[in-house]
$ cat my_file00.txt   # compact mmCIF, C-alpha atoms and all ligand atoms
# COMPACT_ATOMS: atom_id res chain seq x y z
CA MET S 1 -103.77 -12.82 -163.61
CA SER S 2 -104.75 -9.42 -164.86
CA ALA S 3 -106.29 -9.43 -168.32
CA GLN S 4 -105.06 -7.66 -171.43
CA LEU S 5 -107.67 -5.63 -173.26
CA ILE S 6 -109.14 -6.74 -176.58
CA ASP S 7 -109.75 -3.29 -178.01
CA GLY S 8 -112.72 -3.36 -180.40
CA LYS S 9 -112.08 0.20 -181.52
CA VAL S 10 -108.58 -0.69 -182.74
CA VAL S 11 -109.73 -3.86 -184.55
CA ALA S 12 -112.80 -2.13 -186.04
CA LYS S 13 -110.57 0.67 -187.36
CA ALA S 14 -108.29 -1.84 -189.09
CA VAL S 15 -111.31 -3.58 -190.69
CA LYS S 16 -112.82 -0.27 -191.79
CA GLU S 17 -109.57 1.00 -193.31
CA ASP S 18 -109.37 -2.19 -195.37
CA VAL S 19 -113.01 -1.65 -196.45
CA ARG S 20 -112.25 1.99 -197.36
CA THR S 21 -109.40 0.93 -199.65
CA ARG S 22 -111.50 -1.75 -201.32
CA VAL S 23 -114.46 0.65 -201.75
CA GLU S 24 -112.12 3.05 -203.56
CA ALA S 25 -111.03 0.24 -205.89
CA LEU S 26 -114.69 -0.66 -206.58
CA LYS S 27 -115.52 2.98 -207.31
CA ALA S 28 -112.67 3.10 -209.80
CA ARG S 29 -114.56 0.29 -211.60
CA GLY S 30 -117.81 2.32 -211.47
CA ILE S 31 -119.36 0.45 -208.51
CA ARG S 32 -120.38 2.37 -205.41
CA PRO S 33 -121.44 -0.06 -202.66
CA GLY S 34 -124.89 0.83 -201.32
CA LEU S 35 -126.61 -0.13 -198.06
CA ALA S 36 -130.33 0.33 -197.37
CA THR S 37 -131.29 0.45 -193.70
CA VAL S 38 -134.84 -0.35 -192.63
CA LEU S 39 -135.93 0.81 -189.20
CA VAL S 40 -139.48 0.17 -187.97
CA GLY S 41 -140.87 1.93 -184.88
CA ASP S 42 -139.27 4.33 -182.45
CA ASP S 43 -136.98 2.33 -180.18
CA PRO S 44 -134.32 4.92 -179.22
CA ALA S 45 -131.42 2.42 -179.06
CA SER S 46 -132.27 1.06 -182.54
CA HIS S 47 -132.32 4.62 -183.91
CA VAL S 48 -128.81 5.22 -182.51
CA TYR S 49 -127.49 1.93 -183.96
CA VAL S 50 -128.93 2.60 -187.42
CA ARG S 51 -127.68 6.19 -187.49
CA ASN S 52 -124.17 4.94 -186.64
CA LYS S 53 -124.35 2.38 -189.45
CA GLN S 54 -125.39 5.07 -191.94
CA ARG S 55 -122.68 7.48 -190.79
CA THR S 56 -120.01 4.81 -191.08
CA CYS S 57 -121.18 3.97 -194.61
CA GLU S 58 -120.82 7.60 -195.62
CA ASP S 59 -117.44 7.89 -193.93
CA LEU S 60 -116.16 4.90 -195.97
CA GLY S 61 -117.45 6.35 -199.25
CA MET S 62 -120.46 4.07 -199.58
CA HIS S 63 -123.99 4.98 -200.62
CA THR S 64 -126.71 4.64 -197.97
CA VAL S 65 -130.46 5.11 -197.96
CA GLY S 66 -132.47 5.05 -194.71
CA HIS S 67 -136.08 3.87 -194.57
CA GLU S 68 -137.88 4.78 -191.35
CA LEU S 69 -141.34 3.26 -190.96
CA ALA S 70 -144.03 3.73 -188.29
CA ALA S 71 -144.49 1.02 -185.68
CA THR S 72 -147.98 0.51 -187.14
CA THR S 73 -146.55 -0.55 -190.55
CA SER S 74 -148.17 -3.74 -191.87
CA GLN S 75 -146.29 -6.93 -192.65
CA GLU S 76 -147.37 -6.50 -196.33
CA ASP S 77 -146.00 -2.96 -196.62
CA LEU S 78 -142.70 -4.03 -195.12
CA LEU S 79 -142.51 -6.97 -197.53
CA THR S 80 -143.23 -4.64 -200.46
CA LEU S 81 -140.33 -2.40 -199.40
CA ILE S 82 -137.96 -5.38 -199.17
CA GLN S 83 -138.99 -6.54 -202.65
CA ARG S 84 -138.38 -3.04 -204.03
CA LEU S 85 -134.90 -2.95 -202.43
CA ASN S 86 -134.18 -6.43 -203.85
CA ARG S 87 -134.68 -4.99 -207.33
CA ASP S 88 -132.81 -1.70 -206.76
CA PRO S 89 -129.41 -1.90 -208.56
CA ALA S 90 -127.93 0.90 -206.39
CA ILE S 91 -128.49 -1.21 -203.27
CA HIS S 92 -126.09 -4.08 -202.59
CA GLY S 93 -126.99 -4.70 -198.95
CA ILE S 94 -130.21 -4.52 -196.93
CA LEU S 95 -130.24 -4.20 -193.16
CA VAL S 96 -133.54 -4.64 -191.31
CA GLN S 97 -132.84 -3.51 -187.75
CA LEU S 98 -134.09 -6.04 -185.20
CA PRO S 99 -136.12 -6.53 -183.14
CA LEU S 100 -139.19 -5.50 -185.15
CA PRO S 101 -142.05 -4.06 -183.07
CA LYS S 102 -144.94 -6.44 -182.32
CA PRO S 103 -146.94 -7.88 -184.06
CA LEU S 104 -144.51 -7.80 -187.03
CA ARG S 105 -142.73 -11.11 -187.59
CA SER S 106 -139.09 -10.98 -188.61
CA GLU S 107 -138.80 -14.46 -190.15
CA PRO S 108 -140.91 -13.79 -193.32
CA ILE S 109 -139.13 -10.45 -193.77
CA LEU S 110 -135.64 -11.94 -193.54
CA SER S 111 -136.68 -14.78 -195.88
CA ALA S 112 -138.04 -12.29 -198.44
CA MET S 113 -134.68 -10.57 -198.73
CA SER S 114 -132.43 -11.54 -201.63
CA PRO S 115 -129.72 -13.78 -200.11
CA ASP S 116 -127.26 -11.81 -202.28
CA LYS S 117 -128.15 -8.60 -200.37
CA ASP S 118 -128.44 -10.19 -196.92
CA VAL S 119 -125.43 -8.42 -195.41
CA ASP S 120 -126.62 -9.34 -191.91
CA GLY S 121 -126.37 -13.05 -192.76
CA LEU S 122 -129.81 -13.80 -191.35
CA HIS S 123 -131.57 -15.25 -194.43
CA PRO S 124 -132.15 -19.01 -194.10
CA PHE S 125 -129.89 -19.63 -197.13
CA ASN S 126 -126.95 -17.81 -195.55
CA MET S 127 -127.66 -19.43 -192.17
CA GLY S 128 -127.62 -22.81 -193.94
CA LYS S 129 -124.34 -22.02 -195.71
CA LEU S 130 -122.82 -21.13 -192.35
CA MET S 131 -124.06 -24.36 -190.83
CA MET S 132 -122.50 -26.33 -193.68
CA GLY S 133 -119.13 -24.70 -193.06
CA GLU S 134 -119.25 -22.72 -196.33
CA PRO S 135 -120.14 -19.29 -194.97
CA ARG S 136 -121.07 -16.49 -197.33
CA PHE S 137 -122.56 -13.60 -195.36
CA VAL S 138 -121.98 -14.20 -191.65
CA PRO S 139 -124.00 -12.31 -188.97
CA CYS S 140 -121.98 -9.23 -188.11
CA THR S 141 -121.60 -9.55 -184.33
CA PRO S 142 -120.24 -13.13 -184.27
CA ALA S 143 -118.11 -12.34 -187.34
CA GLY S 144 -116.72 -9.45 -185.30
CA VAL S 145 -115.96 -11.74 -182.36
CA MET S 146 -113.89 -13.99 -184.64
CA ALA S 147 -112.09 -11.00 -186.18
CA MET S 148 -111.09 -9.83 -182.69
CA LEU S 149 -109.71 -13.24 -181.71
CA ASP S 150 -107.74 -13.34 -184.96
CA TYR S 151 -106.42 -9.77 -184.69
CA TYR S 152 -104.85 -10.59 -181.32
CA LYS S 153 -103.73 -14.03 -182.64
CA LEU S 154 -105.56 -15.88 -179.88
CA THR S 155 -105.59 -19.63 -180.50
CA ILE S 156 -109.00 -21.14 -181.23
CA GLU S 157 -108.07 -24.62 -182.48
CA GLY S 158 -108.26 -27.26 -179.75
CA LYS S 159 -109.64 -24.83 -177.16
CA THR S 160 -112.77 -25.36 -175.09
CA ALA S 161 -115.24 -22.62 -175.99
CA VAL S 162 -118.47 -21.92 -174.12
CA VAL S 163 -121.10 -19.65 -175.67
CA VAL S 164 -123.78 -18.41 -173.27
CA GLY S 165 -126.87 -17.50 -175.31
CA ARG S 166 -128.48 -19.29 -178.26
CA SER S 167 -129.94 -16.50 -180.42
CA ASN S 168 -129.91 -16.64 -184.22
CA LEU S 169 -128.18 -13.24 -184.20
CA VAL S 170 -125.22 -14.14 -181.96
CA GLY S 171 -125.12 -17.38 -179.94
CA LYS S 172 -125.82 -19.97 -182.64
CA PRO S 173 -123.60 -18.43 -185.36
CA ALA S 174 -120.79 -17.78 -182.84
CA ALA S 175 -120.88 -21.44 -181.82
CA LEU S 176 -120.73 -22.59 -185.46
CA LEU S 177 -117.84 -20.25 -186.32
CA LEU S 178 -115.83 -21.45 -183.30
CA MET S 179 -116.62 -25.08 -184.17
CA HIS S 180 -115.44 -24.59 -187.75
CA ARG S 181 -112.18 -23.26 -186.37
CA HIS S 182 -111.76 -26.49 -184.39
CA ALA S 183 -112.77 -25.35 -180.93
CA THR S 184 -114.77 -27.77 -178.81
CA VAL S 185 -117.97 -25.81 -178.28
CA THR S 186 -120.73 -25.89 -175.67
CA VAL S 187 -123.79 -23.67 -176.01
CA CYS S 188 -125.51 -22.72 -172.75
CA HIS S 189 -128.80 -20.95 -172.06
CA SER S 190 -131.23 -20.05 -169.30
CA LYS S 191 -132.17 -23.70 -168.68
CA THR S 192 -128.59 -25.02 -168.48
CA SER S 193 -128.02 -26.77 -165.17
CA ASP S 194 -125.03 -25.59 -163.17
CA LEU S 195 -124.13 -22.91 -165.69
CA PRO S 196 -121.19 -21.65 -163.55
CA ALA S 197 -119.55 -25.09 -163.68
CA VAL S 198 -119.90 -25.23 -167.49
CA CYS S 199 -118.52 -21.71 -167.89
CA ARG S 200 -115.54 -22.53 -165.65
CA ARG S 201 -114.39 -25.10 -168.25
CA ALA S 202 -114.09 -22.43 -170.96
CA ASP S 203 -110.75 -21.36 -172.43
CA ILE S 204 -112.84 -18.98 -174.56
CA LEU S 205 -116.04 -17.69 -172.94
CA VAL S 206 -118.53 -15.77 -175.11
CA ALA S 207 -121.21 -14.02 -173.04
CA ALA S 208 -124.27 -13.23 -175.15
CA MET S 209 -127.26 -13.72 -172.87
CA GLY S 210 -128.27 -10.07 -172.46
CA LYS S 211 -128.13 -9.90 -168.66
CA ALA S 212 -126.09 -7.13 -167.06
CA ARG S 213 -122.94 -8.30 -165.20
CA PHE S 214 -124.23 -11.91 -165.22
CA VAL S 215 -120.79 -13.54 -165.62
CA ARG S 216 -119.03 -13.26 -162.28
CA ALA S 217 -115.41 -14.06 -161.47
CA GLU S 218 -116.25 -17.45 -159.96
CA MET S 219 -117.69 -18.53 -163.35
CA VAL S 220 -114.38 -17.92 -165.16
CA LYS S 221 -111.32 -20.13 -165.41
CA ASP S 222 -107.93 -18.56 -164.63
CA GLY S 223 -106.42 -17.28 -167.88
CA ALA S 224 -109.63 -17.55 -169.96
CA VAL S 225 -110.31 -15.31 -172.97
CA VAL S 226 -113.60 -13.53 -172.22
CA ILE S 227 -115.69 -11.94 -174.98
CA ASP S 228 -118.58 -9.81 -173.76
CA VAL S 229 -121.31 -9.33 -176.37
CA GLY S 230 -123.81 -7.72 -173.97
CA ILE S 231 -124.90 -4.09 -174.08
CA ASN S 232 -127.12 -3.26 -171.09
CA ARG S 233 -128.06 0.14 -169.73
CA GLU S 234 -128.19 0.37 -165.95
CA ALA S 235 -130.65 2.56 -164.01
CA ASP S 236 -128.05 5.37 -163.76
CA GLY S 237 -127.59 5.31 -167.55
CA LYS S 238 -124.22 3.50 -167.45
CA LEU S 239 -123.56 0.98 -170.25
CA VAL S 240 -122.41 -2.41 -168.98
CA GLY S 241 -121.88 -5.79 -170.59
CA ASP S 242 -122.99 -9.29 -169.61
CA VAL S 243 -119.69 -9.68 -167.72
CA ASP S 244 -118.78 -8.22 -164.32
CA PHE S 245 -115.78 -6.55 -165.95
CA GLU S 246 -113.59 -5.50 -163.00
CA ALA S 247 -113.80 -8.83 -161.15
CA VAL S 248 -113.47 -11.00 -164.27
CA ALA S 249 -110.56 -8.94 -165.67
CA ALA S 250 -108.57 -9.92 -162.58
CA LYS S 251 -108.82 -13.60 -163.60
CA ALA S 252 -108.96 -13.63 -167.41
CA SER S 253 -105.95 -13.44 -169.75
CA TRP S 254 -107.80 -11.34 -172.34
CA ILE S 255 -111.13 -9.50 -172.10
CA THR S 256 -113.30 -7.16 -174.17
CA PRO S 257 -114.58 -3.98 -172.48
CA VAL S 258 -118.10 -2.54 -172.79
CA PRO S 259 -118.34 -0.07 -174.43
CA GLY S 260 -115.45 -0.29 -176.90
CA GLY S 261 -115.35 -4.06 -177.33
CA VAL S 262 -117.64 -6.09 -179.56
CA GLY S 263 -119.96 -3.11 -180.27
CA PRO S 264 -117.71 -1.30 -182.80
CA MET S 265 -117.03 -4.62 -184.53
CA THR S 266 -120.67 -5.18 -185.47
CA ILE S 267 -120.70 -2.03 -187.61
CA ALA S 268 -117.27 -2.73 -189.09
CA MET S 269 -118.32 -6.21 -190.22
CA LEU S 270 -121.56 -4.83 -191.70
CA MET S 271 -119.45 -2.42 -193.77
CA ARG S 272 -117.24 -5.30 -194.82
CA ASN S 273 -120.24 -7.44 -195.85
CA THR S 274 -121.73 -4.55 -197.84
CA MET S 275 -118.45 -3.99 -199.67
CA LEU S 276 -118.25 -7.77 -200.39
CA ALA S 277 -121.87 -7.81 -201.65
CA ALA S 278 -120.98 -5.03 -204.11
CA SER S 279 -117.77 -6.84 -205.14
CA THR S 280 -119.66 -9.80 -206.56
CA THR S 281 -122.05 -7.78 -208.76
N1 LIG S 301 -130.17 -5.63 -183.54
C1 LIG S 301 -129.14 -5.78 -182.70
N2 LIG S 301 -128.04 -6.22 -183.37
C2 LIG S 301 -128.40 -6.34 -184.66
C3 LIG S 301 -127.71 -6.75 -185.85
O1 LIG S 301 -126.53 -7.11 -185.85
N3 LIG S 301 -128.44 -6.72 -186.98
C4 LIG S 301 -129.75 -6.36 -187.01
N4 LIG S 301 -130.38 -6.39 -188.18
N5 LIG S 301 -130.41 -5.98 -185.94
C5 LIG S 301 -129.74 -5.98 -184.78

$ encode --input "my_file00.txt" --output "structure tokens" --more "lines below"
Ligand code: GUN
Amino acid sequence: MSAQLIDGKVVAKAVKEDVRTRVEALKARGIRPGLATVLVGDDPASHVYVRNKQRTCEDLGMHTVGHELAATTSQEDLLTLIQRLNRDPAIHGILVQLPLPKPLRSEPILSAMSPDKDVDGLHPFNMGKLMMGEPRFVPCTPAGVMAMLDYYKLTIEGKTAVVVGRSNLVGKPAALLLMHRHATVTVCHSKTSDLPAVCRRADILVAAMGKARFVRAEMVKDGAVVIDVGINREADGKLVGDVDFEAVAAKASWITPVPGGVGPMTIAMLMRNTMLAASTT
């Protein structure tokens, strides 16, 4: 089999055009959706991600304010900023770019955010709602994975799904979303025994472990749908996913590329969540 491409740029464009239309309708009612981004430290990749989020906000007619803080910022000062943004009526969504530099702890910061402005879906309340099957704000990357499967009308119900990676940002929410759509879900991680054998059972394989080209062809069932969440930079500067794309594409039925797969979806779903946060005010 030779896989068909799941094109994240195409799906992200469709999501963003819908957001653009709905932002215009909100503006006609006097509401301009606003996103505050909070970036701590000087990680170059995080700077690129946050700049792209701000640019996309502006492109869709939304308000955006960027807060850039030194890596030496204290936990208290960061909390004070979050509390100020919670009270700011022009801000409907708050995005704290992760990971935070050490020794800052993300959990108290995410918990301090108003759940109503938690457009990343990482506050314990929104995580709990997702676990209960009543999602409100869903983390953007796994929400994007589901939107891609739906755009291409790929069946989820009754399928065997394997998620490799158990992070709060991707693996755990992706597993819950697939489970709620009636897939039979296995979550794997670095301590899983015979990981290749588990992956080979997957009709839908979500690779989110953060290891370049980790998923090889022999770990993939013929005809599987393969979603690559990884973004890794190789020594020569090339961006690659967690999947060995060329070899796996020869076996899969559908596959996401890197770049141009899940990456553009994360921003699109953040825009969607920000528009939705403004819709309920
Ligand atoms: N770092 C990498 N991906 C994400 C994301 O989706 N949200 C936040 N806040 N930080 C990230």

$ atom_distance --input "my_file00.txt" --atom1 "atom CA of Val11 of chain S" --atom2 "atom CA of Val65 of chain S"
26.3 Å

$ atom_distance --input "my_file00.txt" --atom1 "atom CA of Met275 of chain S" --atom2 "atom CA of Pro44 of chain S"
27.4 Å

$ residues_near_point --input "my_file00.txt" --point "(-117.2, -4.2, -195.7)" --cutoff "9 Å" --atoms "all atoms listed in the file" --output "PyMOL selection string"
chain S and resi 15-16+18-20+22-23+268-277

$ closest_atom_pairs --input "my_file00.txt" --of "chain S" --to "ligand LIG 301 (chain S)" --cutoff "10 Å" --atoms "all atoms listed in the file" --output "tab-separated table"
residue	atom	partner	partner_atom	distance
S:Thr37	CA	S:LIG301	N4	8.8
S:Val38	CA	S:LIG301	N4	8.7
S:Leu39	CA	S:LIG301	N4	9.1
S:Ala45	CA	S:LIG301	C1	9.3
S:Ser46	CA	S:LIG301	N1	7.1
S:Tyr49	CA	S:LIG301	C1	8.0
S:Val50	CA	S:LIG301	N5	8.8
S:Ile94	CA	S:LIG301	N4	8.9
S:Leu95	CA	S:LIG301	N4	5.4
S:Val96	CA	S:LIG301	N4	4.8
S:Gln97	CA	S:LIG301	N4	3.8
S:Leu98	CA	S:LIG301	N5	3.8
S:Pro99	CA	S:LIG301	N1	6.0
S:Leu100	CA	S:LIG301	N5	8.8
S:Ser106	CA	S:LIG301	N4	9.9
S:Leu110	CA	S:LIG301	N4	9.3
S:Asp118	CA	S:LIG301	N4	9.7
S:Val119	CA	S:LIG301	N4	9.0
S:Asp120	CA	S:LIG301	N3	5.9
S:Gly121	CA	S:LIG301	N3	8.8
S:Leu122	CA	S:LIG301	N4	8.1
S:Pro139	CA	S:LIG301	O1	6.6
S:Cys140	CA	S:LIG301	O1	5.5
S:Thr141	CA	S:LIG301	O1	5.7
S:Pro142	CA	S:LIG301	O1	8.8
S:Leu169	CA	S:LIG301	O1	6.6
S:Val170	CA	S:LIG301	O1	8.1
S:Ile231	CA	S:LIG301	C1	9.8
S:Gly263	CA	S:LIG301	N2	9.2
S:Met265	CA	S:LIG301	O1	9.9
S:Thr266	CA	S:LIG301	O1	6.2
S:Ile267	CA	S:LIG301	O1	7.9
S:Met269	CA	S:LIG301	O1	9.3
S:Leu270	CA	S:LIG301	O1	8.0

$ closest_residue --input "my_file00.txt" --among "S:Lys129, S:His67, S:His47, S:Arg32" --to "Pro89 of chain S" --atoms "all atoms listed in the file"
S:Arg32

$ atom_distance --input "my_file00.txt" --atom1 "atom CA of Thr186 of chain S" --atom2 "atom CA of Ala202 of chain S"
8.8 Å

$ residues_around --input "my_file00.txt" --residues "Met131 of chain S" --least-positions-apart "3" --cutoff "9 Å" --atoms "only C-alpha atoms" --output "PyMOL selection string"
chain S and resi 126-128+134-135+173+176-177

$ residues_near_point --input "my_file00.txt" --point "(-115.7, -23.3, -171.9)" --cutoff "7 Å" --atoms "only C-alpha atoms" --output "list in words"
Thr160, Ala161, Val162, Thr186, Val198, Cys199, Arg200, Arg201, Ala202, Asp203, Ile204 and Leu205 of chain S

$ closest_residue --input "my_file00.txt" --among "S:Pro103, S:Gly93, S:Gly230, S:Gly30" --to "Ala71 of chain S" --atoms "all atoms listed in the file"
S:Pro103

$ residues_around --input "my_file00.txt" --residues "Gly223 of chain S" --least-positions-apart "5" --cutoff "9 Å" --atoms "all atoms listed in the file" --output "MDAnalysis selection string"
chainID S and resid 1:3 203 251:254

$ residues_around --input "my_file00.txt" --residues "Glu234 of chain S" --least-positions-apart "6" --cutoff "10 Å" --atoms "all atoms listed in the file" --output "number ranges by chain"
S: 212, 240-241

$ residues_around --input "my_file00.txt" --residues "Val248 of chain S" --least-positions-apart "5" --cutoff "8 Å" --atoms "all atoms listed in the file" --output "list in words"
Val215, Arg216, Ala217, Val220 and Val243 of chain S

$ decode --input "my_file00.txt" --residues "segment 208-218 of chain S" --atoms "all heavy atoms" --output "PDB file, in the first residue's frame"
ATOM      1  N   ALA S 208       3.511  10.260  19.434  1.00  0.00           N
ATOM      2  CA  ALA S 208       3.710  11.519  20.177  1.00  0.00           C
ATOM      3  C   ALA S 208       4.716  11.283  21.294  1.00  0.00           C
ATOM      4  O   ALA S 208       4.475  11.626  22.446  1.00  0.00           O
ATOM      5  CB  ALA S 208       2.370  12.006  20.732  1.00  0.00           C
ATOM      6  N   MET S 209       5.853  10.682  20.932  1.00  0.00           N
ATOM      7  CA  MET S 209       6.840  10.394  21.981  1.00  0.00           C
ATOM      8  C   MET S 209       8.043  11.330  21.904  1.00  0.00           C
ATOM      9  O   MET S 209       8.855  11.357  22.815  1.00  0.00           O
ATOM     10  CB  MET S 209       7.274   8.920  21.939  1.00  0.00           C
ATOM     11  CG  MET S 209       8.163   8.514  20.783  1.00  0.00           C
ATOM     12  SD  MET S 209       7.297   8.649  19.223  1.00  0.00           S
ATOM     13  CE  MET S 209       6.596   7.040  19.086  1.00  0.00           C
ATOM     14  N   GLY S 210       8.147  12.101  20.820  1.00  0.00           N
ATOM     15  CA  GLY S 210       9.233  13.077  20.730  1.00  0.00           C
ATOM     16  C   GLY S 210      10.589  12.469  20.413  1.00  0.00           C
ATOM     17  O   GLY S 210      11.615  12.945  20.901  1.00  0.00           O
ATOM     18  N   LYS S 211      10.606  11.406  19.615  1.00  0.00           N
ATOM     19  CA  LYS S 211      11.881  10.792  19.223  1.00  0.00           C
ATOM     20  C   LYS S 211      11.911  10.676  17.700  1.00  0.00           C
ATOM     21  O   LYS S 211      11.056   9.996  17.103  1.00  0.00           O
ATOM     22  CB  LYS S 211      12.005   9.387  19.824  1.00  0.00           C
ATOM     23  CG  LYS S 211      12.255   9.399  21.308  1.00  0.00           C
ATOM     24  CD  LYS S 211      12.761   8.052  21.788  1.00  0.00           C
ATOM     25  CE  LYS S 211      13.001   8.097  23.272  1.00  0.00           C
ATOM     26  NZ  LYS S 211      12.448   6.977  23.989  1.00  0.00           N
ATOM     27  N   ALA S 212      12.892  11.309  17.094  1.00  0.00           N
ATOM     28  CA  ALA S 212      12.953  11.395  15.636  1.00  0.00           C
ATOM     29  C   ALA S 212      12.923  10.010  14.985  1.00  0.00           C
ATOM     30  O   ALA S 212      13.686   9.117  15.373  1.00  0.00           O
ATOM     31  CB  ALA S 212      14.228  12.138  15.226  1.00  0.00           C
ATOM     32  N   ARG S 213      12.047   9.865  14.004  1.00  0.00           N
ATOM     33  CA  ARG S 213      11.932   8.654  13.158  1.00  0.00           C
ATOM     34  C   ARG S 213      11.841   7.358  13.964  1.00  0.00           C
ATOM     35  O   ARG S 213      12.323   6.301  13.530  1.00  0.00           O
ATOM     36  CB  ARG S 213      13.132   8.542  12.212  1.00  0.00           C
ATOM     37  CG  ARG S 213      13.328   9.719  11.281  1.00  0.00           C
ATOM     38  CD  ARG S 213      14.504   9.409  10.358  1.00  0.00           C
ATOM     39  NE  ARG S 213      15.131  10.590   9.824  1.00  0.00           N
ATOM     40  CZ  ARG S 213      14.862  11.086   8.617  1.00  0.00           C
ATOM     41  NH1 ARG S 213      13.974  10.523   7.842  1.00  0.00           N
ATOM     42  NH2 ARG S 213      15.501  12.146   8.192  1.00  0.00           N
ATOM     43  N   PHE S 214      11.224   7.421  15.153  1.00  0.00           N
ATOM     44  CA  PHE S 214      11.174   6.265  16.051  1.00  0.00           C
ATOM     45  C   PHE S 214      10.278   5.152  15.495  1.00  0.00           C
ATOM     46  O   PHE S 214      10.580   3.968  15.632  1.00  0.00           O
ATOM     47  CB  PHE S 214      10.646   6.726  17.419  1.00  0.00           C
ATOM     48  CG  PHE S 214      10.622   5.655  18.451  1.00  0.00           C
ATOM     49  CD1 PHE S 214      11.766   5.375  19.194  1.00  0.00           C
ATOM     50  CD2 PHE S 214       9.472   4.924  18.698  1.00  0.00           C
ATOM     51  CE1 PHE S 214      11.762   4.386  20.160  1.00  0.00           C
ATOM     52  CE2 PHE S 214       9.458   3.927  19.653  1.00  0.00           C
ATOM     53  CZ  PHE S 214      10.595   3.659  20.385  1.00  0.00           C
ATOM     54  N   VAL S 215       9.169   5.540  14.875  1.00  0.00           N
ATOM     55  CA  VAL S 215       8.219   4.530  14.353  1.00  0.00           C
ATOM     56  C   VAL S 215       8.699   4.073  12.981  1.00  0.00           C
ATOM     57  O   VAL S 215       8.680   4.824  12.012  1.00  0.00           O
ATOM     58  CB  VAL S 215       6.785   5.113  14.281  1.00  0.00           C
ATOM     59  CG1 VAL S 215       5.836   4.118  13.623  1.00  0.00           C
ATOM     60  CG2 VAL S 215       6.279   5.481  15.668  1.00  0.00           C
ATOM     61  N   ARG S 216       9.137   2.819  12.938  1.00  0.00           N
ATOM     62  CA  ARG S 216       9.645   2.247  11.687  1.00  0.00           C
ATOM     63  C   ARG S 216       8.559   1.394  11.021  1.00  0.00           C
ATOM     64  O   ARG S 216       7.554   1.039  11.654  1.00  0.00           O
ATOM     65  CB  ARG S 216      10.890   1.405  11.975  1.00  0.00           C
ATOM     66  CG  ARG S 216      12.005   2.190  12.657  1.00  0.00           C
ATOM     67  CD  ARG S 216      13.185   1.300  13.000  1.00  0.00           C
ATOM     68  NE  ARG S 216      12.811   0.071  13.697  1.00  0.00           N
ATOM     69  CZ  ARG S 216      12.592  -0.010  14.997  1.00  0.00           C
ATOM     70  NH1 ARG S 216      12.704   1.045  15.761  1.00  0.00           N
ATOM     71  NH2 ARG S 216      12.240  -1.168  15.544  1.00  0.00           N
ATOM     72  N   ALA S 217       8.798   1.047   9.771  1.00  0.00           N
ATOM     73  CA  ALA S 217       7.771   0.332   8.999  1.00  0.00           C
ATOM     74  C   ALA S 217       7.337  -0.962   9.685  1.00  0.00           C
ATOM     75  O   ALA S 217       6.150  -1.313   9.679  1.00  0.00           O
ATOM     76  CB  ALA S 217       8.292   0.048   7.594  1.00  0.00           C
ATOM     77  N   GLU S 218       8.271  -1.659  10.302  1.00  0.00           N
ATOM     78  CA  GLU S 218       7.913  -2.956  10.912  1.00  0.00           C
ATOM     79  C   GLU S 218       7.033  -2.796  12.158  1.00  0.00           C
ATOM     80  O   GLU S 218       6.549  -3.775  12.711  1.00  0.00           O
ATOM     81  CB  GLU S 218       9.158  -3.795  11.215  1.00  0.00           C
ATOM     82  CG  GLU S 218      10.164  -3.184  12.154  1.00  0.00           C
ATOM     83  CD  GLU S 218      11.232  -2.355  11.431  1.00  0.00           C
ATOM     84  OE1 GLU S 218      10.942  -1.818  10.335  1.00  0.00           O
ATOM     85  OE2 GLU S 218      12.336  -2.239  11.977  1.00  0.00           O
TER      86      GLU S 218
END
